[in-house]
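As structure tokens, the structure follows; a few thoughts come after it.
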Amino acid sequence: MQDKQAYTSHQEPQPLVTFIVTCYNLPVNMLCECIDSILALPLGPSEREIIVVDDGSEDSPMDGLTNYGDDMIYLRKPNGGVSTARNMGLRTARGRYIQFVDGDDRLIPATYGHCLDIVRNGQADVVMYDFTHLQKDSVTYEDWEAMSGCQLMRQHNIQGAACLCLFRHGILGKLCFTPGISYGEDEEFTPQLLLRADRVVRTTAKAYFYRLRATSATGNKSAEGIQRRLDDNLKVIRSLNTTVDTLPTDERLALERRVAQLTMDYIYNTIVLTRDSNQLHERIETLHNEGLFPLPDRDYTTKYRWFRKMTSTSAGLSLLMKVLPLMKKER
């Protein structure tokens, strides 16, 4: 097992992929399952780099990782959230491509191998793939025609999770995660990543196993957790909306669509998570004061047009307050 100090050689071949695995207070067996899933991928030892970033766990998992020897690099830092942990991993990474993995999840070798084939053939700056909650899943899939990230975002909604992207290290530039955002940090990072990509390949391959855990950040249903989630969502929307004004026309239109989609989701989550009409009106008033509401009159999707129309009147908002908490959100 390497540590940060041992990681100094410039004579080793550049890995194809650096896997940045972040963890905080995880059971060691989950972290081992994650690392094992990476080692099971169709990659030779020189083609992979595994960096485990421990975000200040109360008990270090090091004792449970000794069997991995030099197959991984272990970094430990004071607790600061997943954004700072990923940024530390990025500063250390040498791979041509980057893959984020949450330590309680794992990659699925049969389908992730297809993503590796795409980047080996030089076909993409970013490969976007799907996830599953199932222990065993189909290996069938289909690929979309490659397009630029800008074109993709102008024409389609995207899945914002950074863990569902295998991307070329060289397109990052100075892009990193914003510290202090515990919910939705991906939604700020991923759209800006895509705007840097000339070729994005989307595949329906379910290559990532996402573990449902009540103790995860998104599983926090406390009143405090809900408020933090909504506040962080608003920070992301504000950040991206500020970025819009700095972009050329095509990229601006692409990011405007994403900002509108995230604003729609923000209103939806305010209704479903709080079920509080007073809070809904307060948060909508904040959006209005910042030029983010009403939602732009754009022909994005049928669902967007419907939601925009419903939120444009008091009667529509009242109906949404009654109906949405009873419905299961579409994925």
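In the structure tokens, each chain is lettered A, B, ... as it comes, each chain's residues begin at 1, and ligands are numbered from 1 in order of appearance.
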So that each row is one residue of stretch 106-223 of chain A with an atom at most 9 Å from stretch 75-87 of chain A, can you give its shortest atom pair and the distance in Å to one decimal, using only C-alpha atoms, rows by chain and rising number, as JSON lines?
{"residue": "A:Cys176", "atom": "CA", "partner": "A:Asn87", "partner_atom": "CA", "distance": 6.2}
{"residue": "A:Phe177", "atom": "CA", "partner": "A:Ser83", "partner_atom": "CA", "distance": 5.1}
{"residue": "A:Thr178", "atom": "CA", "partner": "A:Ser83", "partner_atom": "CA", "distance": 6.2}
{"residue": "A:Pro179", "atom": "CA", "partner": "A:Ser83", "partner_atom": "CA", "distance": 5.4}
{"residue": "A:Gly180", "atom": "CA", "partner": "A:Gly81", "partner_atom": "CA", "distance": 6.9}
{"residue": "A:Ile181", "atom": "CA", "partner": "A:Ser83", "partner_atom": "CA", "distance": 7.2}
{"residue": "A:Ser182", "atom": "CA", "partner": "A:Gly81", "partner_atom": "CA", "distance": 6.5}
{"residue": "A:Glu185", "atom": "CA", "partner": "A:Ser83", "partner_atom": "CA", "distance": 6.9}
{"residue": "A:Asp186", "atom": "CA", "partner": "A:Ser83", "partner_atom": "CA", "distance": 8.8}
Exercise. Extract, using only C-alpha atoms, all DNA, RNA and protein residues at most 10 Å from A:Phe131, discarding same-chain residues fewer than 4 positions from it, and format them as a PyMOL selection string.
Key: chain A and resi 107-108+137+163-164+204-210
Please tabulate, as a tab-separated table, the residues of stretch 103-179 of chain A that come within 12 Å of stretch 262-265 of chain A, each with its closest pair of atoms and the distance in Å to one decimal, counting only C-alpha atoms and ordering rows by chain, then residue number upward.
residue	atom	partner	partner_atom	distance
A:Asn157	CA	A:Leu262	CA	10.2
A:Ile158	CA	A:Leu262	CA	10.6
A:Gln159	CA	A:Leu262	CA	11.2
A:Gly160	CA	A:Leu262	CA	9.9
Writer output for current selection, C-alpha atoms, as a compact mmCIF listing (two decimals), in the first residue's frame:
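File selection.txt, as written:
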# COMPACT_ATOMS: atom_id res chain seq x y z
CA ASN A 157 -31.72 16.40 -19.65
CA ILE A 158 -28.68 14.88 -17.98
CA GLN A 159 -27.94 12.71 -14.97
CA GLY A 160 -25.84 14.97 -12.75
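Using only C-alpha atoms for every distance, the candidate list A:Gln192, A:Ser148, A:Ser60, A:Thr313 yields A:Gln192 as the residue closest to A:Val259.
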Quiz item: What's the 8 Å shell around A:Pro109, counting only C-alpha atoms, without same-chain residues fewer than 6 positions away, as number ranges by chain?
Solution: A: 37-38, 40-42, 207
Keeping only C-alpha atoms, write the selected residues to a file as a PDB file, in the first residue's frame.
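The resulting part11.pdb:
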ATOM      1  CA  SER A  37     -14.827  -4.356  -7.661  1.00  0.00           C
ATOM      2  CA  ILE A  38     -12.166  -2.075  -9.155  1.00  0.00           C
ATOM      3  CA  ALA A  40     -11.925  -7.106 -10.838  1.00  0.00           C
ATOM      4  CA  LEU A  41     -12.166  -4.763 -13.840  1.00  0.00           C
ATOM      5  CA  PRO A  42     -10.440  -5.720 -17.107  1.00  0.00           C
ATOM      6  CA  ALA A 207     -22.057  -0.082 -14.662  1.00  0.00           C
TER       7      ALA A 207
END
Quiz item: A:Met30: which residues within 8 Å, counting only C-alpha atoms, same-chain residues fewer than 5 positions away excluded, as a PyMOL selection string?
Solution: chain A and resi 103-105
Would you mind exporting all heavy atoms of the selected residues as a PDB file, in the first residue's frame?
ATOM      1  N   GLY A 103     -17.247   5.215  -1.503  1.00  0.00           N
ATOM      2  CA  GLY A 103     -16.704   4.020  -0.885  1.00  0.00           C
ATOM      3  C   GLY A 103     -17.706   2.957  -0.505  1.00  0.00           C
ATOM      4  O   GLY A 103     -17.343   1.795  -0.311  1.00  0.00           O
ATOM      5  N   ASP A 104     -18.990   3.322  -0.390  1.00  0.00           N
ATOM      6  CA  ASP A 104     -20.003   2.318  -0.060  1.00  0.00           C
ATOM      7  C   ASP A 104     -20.670   1.745  -1.308  1.00  0.00           C
ATOM      8  O   ASP A 104     -21.578   0.918  -1.200  1.00  0.00           O
ATOM      9  CB  ASP A 104     -21.052   2.894   0.897  1.00  0.00           C
ATOM     10  CG  ASP A 104     -21.642   4.209   0.418  1.00  0.00           C
ATOM     11  OD1 ASP A 104     -21.075   4.826  -0.508  1.00  0.00           O
ATOM     12  OD2 ASP A 104     -22.680   4.641   0.964  1.00  0.00           O
ATOM     13  N   ASP A 105     -20.249   2.201  -2.485  1.00  0.00           N
ATOM     14  CA  ASP A 105     -20.776   1.674  -3.739  1.00  0.00           C
ATOM     15  C   ASP A 105     -19.727   0.793  -4.396  1.00  0.00           C
ATOM     16  O   ASP A 105     -18.660   0.550  -3.835  1.00  0.00           O
ATOM     17  CB  ASP A 105     -21.164   2.829  -4.678  1.00  0.00           C
ATOM     18  CG  ASP A 105     -22.227   3.736  -4.085  1.00  0.00           C
ATOM     19  OD1 ASP A 105     -23.023   3.243  -3.256  1.00  0.00           O
ATOM     20  OD2 ASP A 105     -22.253   4.931  -4.444  1.00  0.00           O
TER      21      ASP A 105
END
Quiz prompt | Contact residues around A:Tyr97 with only C-alpha atoms at 7 Å, ignoring same-chain residues under 2 positions, as a ChimeraX atom specification | solution = /A:16-18,95,99,166-169
Using the selection just defined, write its residues with N, CA and C atoms as an mmCIF file, in the first residue's frame.
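Printed below is out26.cif as written:
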data_model
loop_
_atom_site.group_PDB
_atom_site.id
_atom_site.type_symbol
_atom_site.label_atom_id
_atom_site.label_comp_id
_atom_site.auth_asym_id
_atom_site.auth_seq_id
_atom_site.Cartn_x
_atom_site.Cartn_y
_atom_site.Cartn_z
ATOM 1 N N LEU A 16 -4.302 4.221 -17.239
ATOM 2 C CA LEU A 16 -5.438 4.597 -18.075
ATOM 3 C C LEU A 16 -6.486 5.316 -17.241
ATOM 4 N N VAL A 17 -6.789 4.773 -16.044
ATOM 5 C CA VAL A 17 -7.833 5.344 -15.196
ATOM 6 C C VAL A 17 -7.341 5.470 -13.757
ATOM 7 N N THR A 18 -7.599 6.632 -13.173
ATOM 8 C CA THR A 18 -7.455 6.798 -11.726
ATOM 9 C C THR A 18 -8.837 6.714 -11.100
ATOM 10 N N GLY A 95 -3.911 9.415 -13.737
ATOM 11 C CA GLY A 95 -4.529 8.698 -14.840
ATOM 12 C C GLY A 95 -4.975 9.584 -15.989
ATOM 13 N N GLN A 99 -12.259 8.436 -12.544
ATOM 14 C CA GLN A 99 -13.538 7.846 -12.130
ATOM 15 C C GLN A 99 -13.709 8.047 -10.628
ATOM 16 N N LEU A 166 -17.121 8.678 -16.588
ATOM 17 C CA LEU A 166 -15.704 8.350 -16.755
ATOM 18 C C LEU A 166 -15.161 9.411 -17.701
ATOM 19 N N PHE A 167 -14.262 10.270 -17.238
ATOM 20 C CA PHE A 167 -13.907 11.428 -18.053
ATOM 21 C C PHE A 167 -12.397 11.616 -18.177
ATOM 22 N N ARG A 168 -12.025 12.233 -19.285
ATOM 23 C CA ARG A 168 -10.615 12.481 -19.565
ATOM 24 C C ARG A 168 -10.080 13.554 -18.637
ATOM 25 N N HIS A 169 -8.989 13.244 -17.976
ATOM 26 C CA HIS A 169 -8.395 14.137 -16.984
ATOM 27 C C HIS A 169 -8.067 15.503 -17.593
#
Quiz item: Which of these residues is nearest to A:Lys309, using only C-alpha atoms: A:Ile50, A:Leu90, A:Tyr141, A:Asp297?
Solution: A:Asp297
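Around A:Val272, within 12 Å and counting only C-alpha atoms, the residues found are Lys221, Ile226, Leu230, Asp265, Tyr266, Ile267, Ser277, Gln279, Leu280, Leu320, Met321, Lys322, Val323, Leu324, Pro325, Leu326, Met327, Lys328 and Lys329 of chain A, once anything fewer than 5 positions away on its own chain is removed.
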Export of the given selection (all heavy atoms) as a compact mmCIF listing (two decimals), in the first residue's frame:
# COMPACT_ATOMS: atom_id res chain seq x y z
N LYS A 221 -33.38 12.44 6.55
CA LYS A 221 -34.72 13.03 6.44
C LYS A 221 -35.08 13.91 7.64
O LYS A 221 -36.24 14.29 7.81
CB LYS A 221 -35.76 11.90 6.32
CG LYS A 221 -35.54 10.97 5.13
CD LYS A 221 -35.58 11.71 3.81
CE LYS A 221 -35.43 10.72 2.64
NZ LYS A 221 -35.38 11.42 1.34
N ILE A 226 -33.03 18.27 5.82
CA ILE A 226 -33.81 18.76 4.68
C ILE A 226 -33.49 20.21 4.38
O ILE A 226 -33.31 20.61 3.23
CB ILE A 226 -35.32 18.57 4.96
CG1 ILE A 226 -35.68 17.08 4.90
CG2 ILE A 226 -36.16 19.37 3.96
CD1 ILE A 226 -37.08 16.77 5.37
N LEU A 230 -31.85 21.68 0.88
CA LEU A 230 -32.47 22.72 0.06
C LEU A 230 -31.56 23.94 -0.05
O LEU A 230 -31.43 24.54 -1.13
CB LEU A 230 -33.83 23.11 0.63
CG LEU A 230 -34.91 22.02 0.57
CD1 LEU A 230 -36.16 22.47 1.31
CD2 LEU A 230 -35.25 21.67 -0.88
N ASP A 265 -36.47 21.17 -10.05
CA ASP A 265 -36.27 20.12 -9.04
C ASP A 265 -36.25 20.71 -7.62
O ASP A 265 -36.73 20.08 -6.67
CB ASP A 265 -34.95 19.39 -9.29
CG ASP A 265 -35.00 18.50 -10.53
OD1 ASP A 265 -36.11 18.24 -11.03
OD2 ASP A 265 -33.92 18.08 -10.99
N TYR A 266 -35.68 21.89 -7.50
CA TYR A 266 -35.62 22.58 -6.20
C TYR A 266 -37.02 22.89 -5.68
O TYR A 266 -37.33 22.65 -4.49
CB TYR A 266 -34.80 23.85 -6.36
CG TYR A 266 -34.77 24.78 -5.17
CD1 TYR A 266 -34.05 24.46 -4.02
CD2 TYR A 266 -35.46 25.99 -5.19
CE1 TYR A 266 -34.00 25.32 -2.93
CE2 TYR A 266 -35.42 26.86 -4.11
CZ TYR A 266 -34.69 26.52 -2.99
OH TYR A 266 -34.66 27.38 -1.91
N ILE A 267 -37.88 23.38 -6.54
CA ILE A 267 -39.26 23.66 -6.15
C ILE A 267 -39.98 22.37 -5.80
O ILE A 267 -40.70 22.27 -4.79
CB ILE A 267 -40.01 24.42 -7.27
CG1 ILE A 267 -39.36 25.79 -7.50
CG2 ILE A 267 -41.49 24.60 -6.92
CD1 ILE A 267 -39.87 26.51 -8.74
N SER A 277 -46.36 25.05 2.96
CA SER A 277 -46.69 26.07 1.96
C SER A 277 -46.00 27.39 2.25
O SER A 277 -45.61 28.11 1.32
CB SER A 277 -48.21 26.26 1.88
OG SER A 277 -48.73 26.66 3.14
N GLN A 279 -43.02 27.82 3.64
CA GLN A 279 -41.64 27.71 3.19
C GLN A 279 -41.55 27.72 1.66
O GLN A 279 -40.63 28.31 1.09
CB GLN A 279 -40.98 26.45 3.74
CG GLN A 279 -39.52 26.36 3.37
CD GLN A 279 -38.76 25.30 4.13
OE1 GLN A 279 -37.62 25.02 3.80
NE2 GLN A 279 -39.36 24.71 5.16
N LEU A 280 -42.51 27.07 1.02
CA LEU A 280 -42.53 27.07 -0.44
C LEU A 280 -42.60 28.49 -0.98
O LEU A 280 -41.82 28.88 -1.86
CB LEU A 280 -43.72 26.25 -0.96
CG LEU A 280 -43.95 26.31 -2.48
CD1 LEU A 280 -42.77 25.70 -3.23
CD2 LEU A 280 -45.26 25.61 -2.84
N LEU A 320 -50.27 21.50 -6.52
CA LEU A 320 -49.02 20.73 -6.42
C LEU A 320 -48.72 20.36 -4.97
O LEU A 320 -48.24 19.26 -4.69
CB LEU A 320 -47.86 21.54 -7.00
CG LEU A 320 -47.84 21.74 -8.51
CD1 LEU A 320 -46.70 22.65 -8.93
CD2 LEU A 320 -47.74 20.40 -9.23
N MET A 321 -49.02 21.27 -4.04
CA MET A 321 -48.80 20.98 -2.62
C MET A 321 -49.63 19.79 -2.16
O MET A 321 -49.21 19.01 -1.30
CB MET A 321 -49.14 22.21 -1.78
CG MET A 321 -48.10 23.30 -1.77
SD MET A 321 -46.56 22.83 -0.94
CE MET A 321 -47.13 22.43 0.71
N LYS A 322 -50.79 19.62 -2.75
CA LYS A 322 -51.67 18.51 -2.35
C LYS A 322 -51.30 17.21 -3.05
O LYS A 322 -51.38 16.13 -2.46
CB LYS A 322 -53.12 18.87 -2.67
CG LYS A 322 -53.67 20.04 -1.87
CD LYS A 322 -55.08 20.38 -2.31
CE LYS A 322 -55.63 21.58 -1.55
NZ LYS A 322 -56.99 21.96 -2.00
N VAL A 323 -50.90 17.31 -4.31
CA VAL A 323 -50.76 16.11 -5.14
C VAL A 323 -49.35 15.51 -5.09
O VAL A 323 -49.18 14.30 -4.96
CB VAL A 323 -51.14 16.43 -6.61
CG1 VAL A 323 -50.83 15.23 -7.51
CG2 VAL A 323 -52.62 16.79 -6.70
N LEU A 324 -48.32 16.36 -5.20
CA LEU A 324 -46.97 15.82 -5.34
C LEU A 324 -46.51 14.93 -4.19
O LEU A 324 -45.86 13.90 -4.43
CB LEU A 324 -45.97 16.98 -5.53
CG LEU A 324 -46.00 17.68 -6.89
CD1 LEU A 324 -44.91 18.74 -6.96
CD2 LEU A 324 -45.86 16.70 -8.04
N PRO A 325 -46.81 15.29 -2.93
CA PRO A 325 -46.35 14.39 -1.85
C PRO A 325 -46.96 13.00 -1.92
O PRO A 325 -46.45 12.06 -1.29
CB PRO A 325 -46.81 15.12 -0.57
CG PRO A 325 -46.87 16.56 -0.97
CD PRO A 325 -47.37 16.54 -2.38
N LEU A 326 -48.05 12.84 -2.69
CA LEU A 326 -48.71 11.55 -2.81
C LEU A 326 -48.17 10.72 -3.97
O LEU A 326 -48.52 9.55 -4.12
CB LEU A 326 -50.22 11.74 -3.00
CG LEU A 326 -50.94 12.57 -1.92
CD1 LEU A 326 -52.41 12.74 -2.27
CD2 LEU A 326 -50.78 11.89 -0.56
N MET A 327 -47.34 11.35 -4.79
CA MET A 327 -46.84 10.70 -5.99
C MET A 327 -45.39 10.27 -5.80
O MET A 327 -44.65 10.89 -5.02
CB MET A 327 -46.93 11.64 -7.21
CG MET A 327 -48.33 12.09 -7.56
SD MET A 327 -48.34 13.40 -8.81
CE MET A 327 -47.52 12.55 -10.17
N LYS A 328 -44.99 9.24 -6.49
CA LYS A 328 -43.60 8.81 -6.50
C LYS A 328 -42.90 9.50 -7.65
O LYS A 328 -43.33 9.42 -8.78
CB LYS A 328 -43.49 7.30 -6.67
CG LYS A 328 -42.07 6.78 -6.60
CD LYS A 328 -42.03 5.26 -6.70
CE LYS A 328 -40.59 4.73 -6.60
NZ LYS A 328 -40.53 3.26 -6.70
N LYS A 329 -41.82 10.22 -7.32
CA LYS A 329 -41.11 10.96 -8.36
C LYS A 329 -40.54 10.04 -9.40
O LYS A 329 -39.99 8.99 -9.11
CB LYS A 329 -39.97 11.78 -7.73
CG LYS A 329 -39.24 12.65 -8.75
CD LYS A 329 -38.12 13.42 -8.10
CE LYS A 329 -37.40 14.30 -9.12
NZ LYS A 329 -36.26 15.03 -8.52
Exercise. With a distance cut-off of 10 Å and only C-alpha atoms, select the neighbouring residues of A:Glu49, excluding the residue or stretch itself and same-chain residues fewer than 2 positions from it, and output the selection as number ranges by chain.
Key: A: 14-20, 38-39, 45-47, 51-52, 70-73, 93-95, 98
Dump as a short mmCIF file (atom, residue, chain, number, x, y, z; two decimals), in the first residue's frame, selection limited to N, CA and C atoms:
data_model
loop_
_atom_site.label_atom_id
_atom_site.label_comp_id
_atom_site.auth_asym_id
_atom_site.auth_seq_id
_atom_site.Cartn_x
_atom_site.Cartn_y
_atom_site.Cartn_z
N GLN A 14 1.84 5.97 -17.33
CA GLN A 14 0.63 6.65 -16.89
C GLN A 14 -0.54 5.68 -16.89
N PRO A 15 -1.29 5.57 -15.79
CA PRO A 15 -2.45 4.69 -15.76
C PRO A 15 -3.52 5.15 -16.75
N LEU A 16 -4.30 4.22 -17.24
CA LEU A 16 -5.44 4.60 -18.08
C LEU A 16 -6.49 5.32 -17.24
N VAL A 17 -6.79 4.77 -16.04
CA VAL A 17 -7.83 5.34 -15.20
C VAL A 17 -7.34 5.47 -13.76
N THR A 18 -7.60 6.63 -13.17
CA THR A 18 -7.45 6.80 -11.73
C THR A 18 -8.84 6.71 -11.10
N PHE A 19 -9.00 5.82 -10.15
CA PHE A 19 -10.25 5.66 -9.42
C PHE A 19 -10.10 6.37 -8.08
N ILE A 20 -10.89 7.42 -7.87
CA ILE A 20 -10.84 8.19 -6.63
C ILE A 20 -11.99 7.73 -5.75
N ILE A 38 -13.09 -2.76 -8.24
CA ILE A 38 -12.17 -2.08 -9.16
C ILE A 38 -11.07 -3.04 -9.61
N LEU A 39 -10.55 -3.82 -8.67
CA LEU A 39 -9.51 -4.79 -9.01
C LEU A 39 -10.02 -5.87 -9.96
N PRO A 45 -2.48 -4.04 -13.81
CA PRO A 45 -2.02 -3.21 -12.68
C PRO A 45 -1.48 -1.85 -13.11
N SER A 46 -0.79 -1.79 -14.25
CA SER A 46 -0.23 -0.51 -14.70
C SER A 46 -1.28 0.40 -15.33
N GLU A 47 -2.46 -0.16 -15.62
CA GLU A 47 -3.52 0.63 -16.25
C GLU A 47 -4.43 1.31 -15.24
N ILE A 51 -6.99 5.51 -5.63
CA ILE A 51 -6.69 6.44 -4.56
C ILE A 51 -7.87 6.45 -3.59
N VAL A 52 -7.65 5.99 -2.38
CA VAL A 52 -8.68 6.03 -1.35
C VAL A 52 -8.45 7.27 -0.50
N ASP A 70 0.42 -2.65 -2.63
CA ASP A 70 0.66 -1.49 -3.49
C ASP A 70 -0.45 -1.31 -4.53
N ASP A 71 -1.57 -1.99 -4.37
CA ASP A 71 -2.68 -1.84 -5.32
C ASP A 71 -3.44 -0.53 -5.12
N MET A 72 -3.14 0.19 -4.05
CA MET A 72 -3.88 1.42 -3.79
C MET A 72 -3.01 2.43 -3.06
N ILE A 73 -3.43 3.67 -3.13
CA ILE A 73 -2.82 4.77 -2.38
C ILE A 73 -3.86 5.21 -1.35
N ALA A 93 -4.07 12.47 -8.63
CA ALA A 93 -4.33 11.54 -9.72
C ALA A 93 -3.38 11.72 -10.90
N ARG A 94 -2.94 10.59 -11.46
CA ARG A 94 -2.07 10.60 -12.65
C ARG A 94 -2.75 10.04 -13.88
N GLY A 95 -3.91 9.41 -13.74
CA GLY A 95 -4.53 8.70 -14.84
C GLY A 95 -4.97 9.58 -15.99
N ILE A 98 -10.47 9.82 -15.26
CA ILE A 98 -10.82 9.87 -13.84
C ILE A 98 -12.18 9.22 -13.62
#
Sorted per-residue table, stretch 38-152 of chain A near stretch 251-258 of chain A, closest atoms and distance, 9 Å, only C-alpha atoms, as JSON lines:
{"residue": "A:Gly149", "atom": "CA", "partner": "A:Ala254", "partner_atom": "CA", "distance": 8.8}
{"residue": "A:Cys150", "atom": "CA", "partner": "A:Glu251", "partner_atom": "CA", "distance": 5.7}
{"residue": "A:Gln151", "atom": "CA", "partner": "A:Ala254", "partner_atom": "CA", "distance": 7.3}
{"residue": "A:Leu152", "atom": "CA", "partner": "A:Ala254", "partner_atom": "CA", "distance": 8.1}
Can those selected residues be exported to a file as a PDB file, in the first residue's frame so that it contains N, CA, C and O atoms?
ATOM      1  N   GLY A 149     -20.592  17.934 -25.302  1.00  0.00           N
ATOM      2  CA  GLY A 149     -21.342  18.122 -24.067  1.00  0.00           C
ATOM      3  C   GLY A 149     -22.313  19.271 -24.180  1.00  0.00           C
ATOM      4  O   GLY A 149     -23.415  19.224 -23.618  1.00  0.00           O
ATOM      5  N   CYS A 150     -21.939  20.313 -24.899  1.00  0.00           N
ATOM      6  CA  CYS A 150     -22.821  21.459 -25.104  1.00  0.00           C
ATOM      7  C   CYS A 150     -24.080  21.041 -25.853  1.00  0.00           C
ATOM      8  O   CYS A 150     -25.204  21.379 -25.466  1.00  0.00           O
ATOM      9  N   GLN A 151     -23.893  20.286 -26.935  1.00  0.00           N
ATOM     10  CA  GLN A 151     -25.040  19.811 -27.714  1.00  0.00           C
ATOM     11  C   GLN A 151     -25.923  18.899 -26.878  1.00  0.00           C
ATOM     12  O   GLN A 151     -27.162  18.999 -26.922  1.00  0.00           O
ATOM     13  N   LEU A 152     -25.307  18.019 -26.118  1.00  0.00           N
ATOM     14  CA  LEU A 152     -26.065  17.110 -25.258  1.00  0.00           C
ATOM     15  C   LEU A 152     -26.948  17.891 -24.288  1.00  0.00           C
ATOM     16  O   LEU A 152     -28.144  17.602 -24.133  1.00  0.00           O
TER      17      LEU A 152
END
Exercise. List every residue of stretch 60-228 of chain A that DSSP, applied to the backbone of this structure, places in strand (DSSP E), and write the result as an MDAnalysis selection string.
Key: chainID A and resid 73:76 97:102 106:107 126:132 165:168 200:209
Practice problem: May I have all residues of stretch 14-200 of chain A that DSSP, computed from the backbone, assigns to alpha helix (DSSP H), given as a ChimeraX atom specification? | Solution: /A:28-39,82-92,109-120,149-155,185-194
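Note that atom CA of A:Thr132 and atom CA of A:Arg106 are 10.4 Å apart.
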Quiz item: So how many Å separate atom CA of A:Thr243 and atom CA of A:Thr302, to one decimal?
Solution: 26.5 Å
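The gap separating atom CA of A:Val127 from atom CA of A:Val201 is 4.9 Å, in Å to one decimal.
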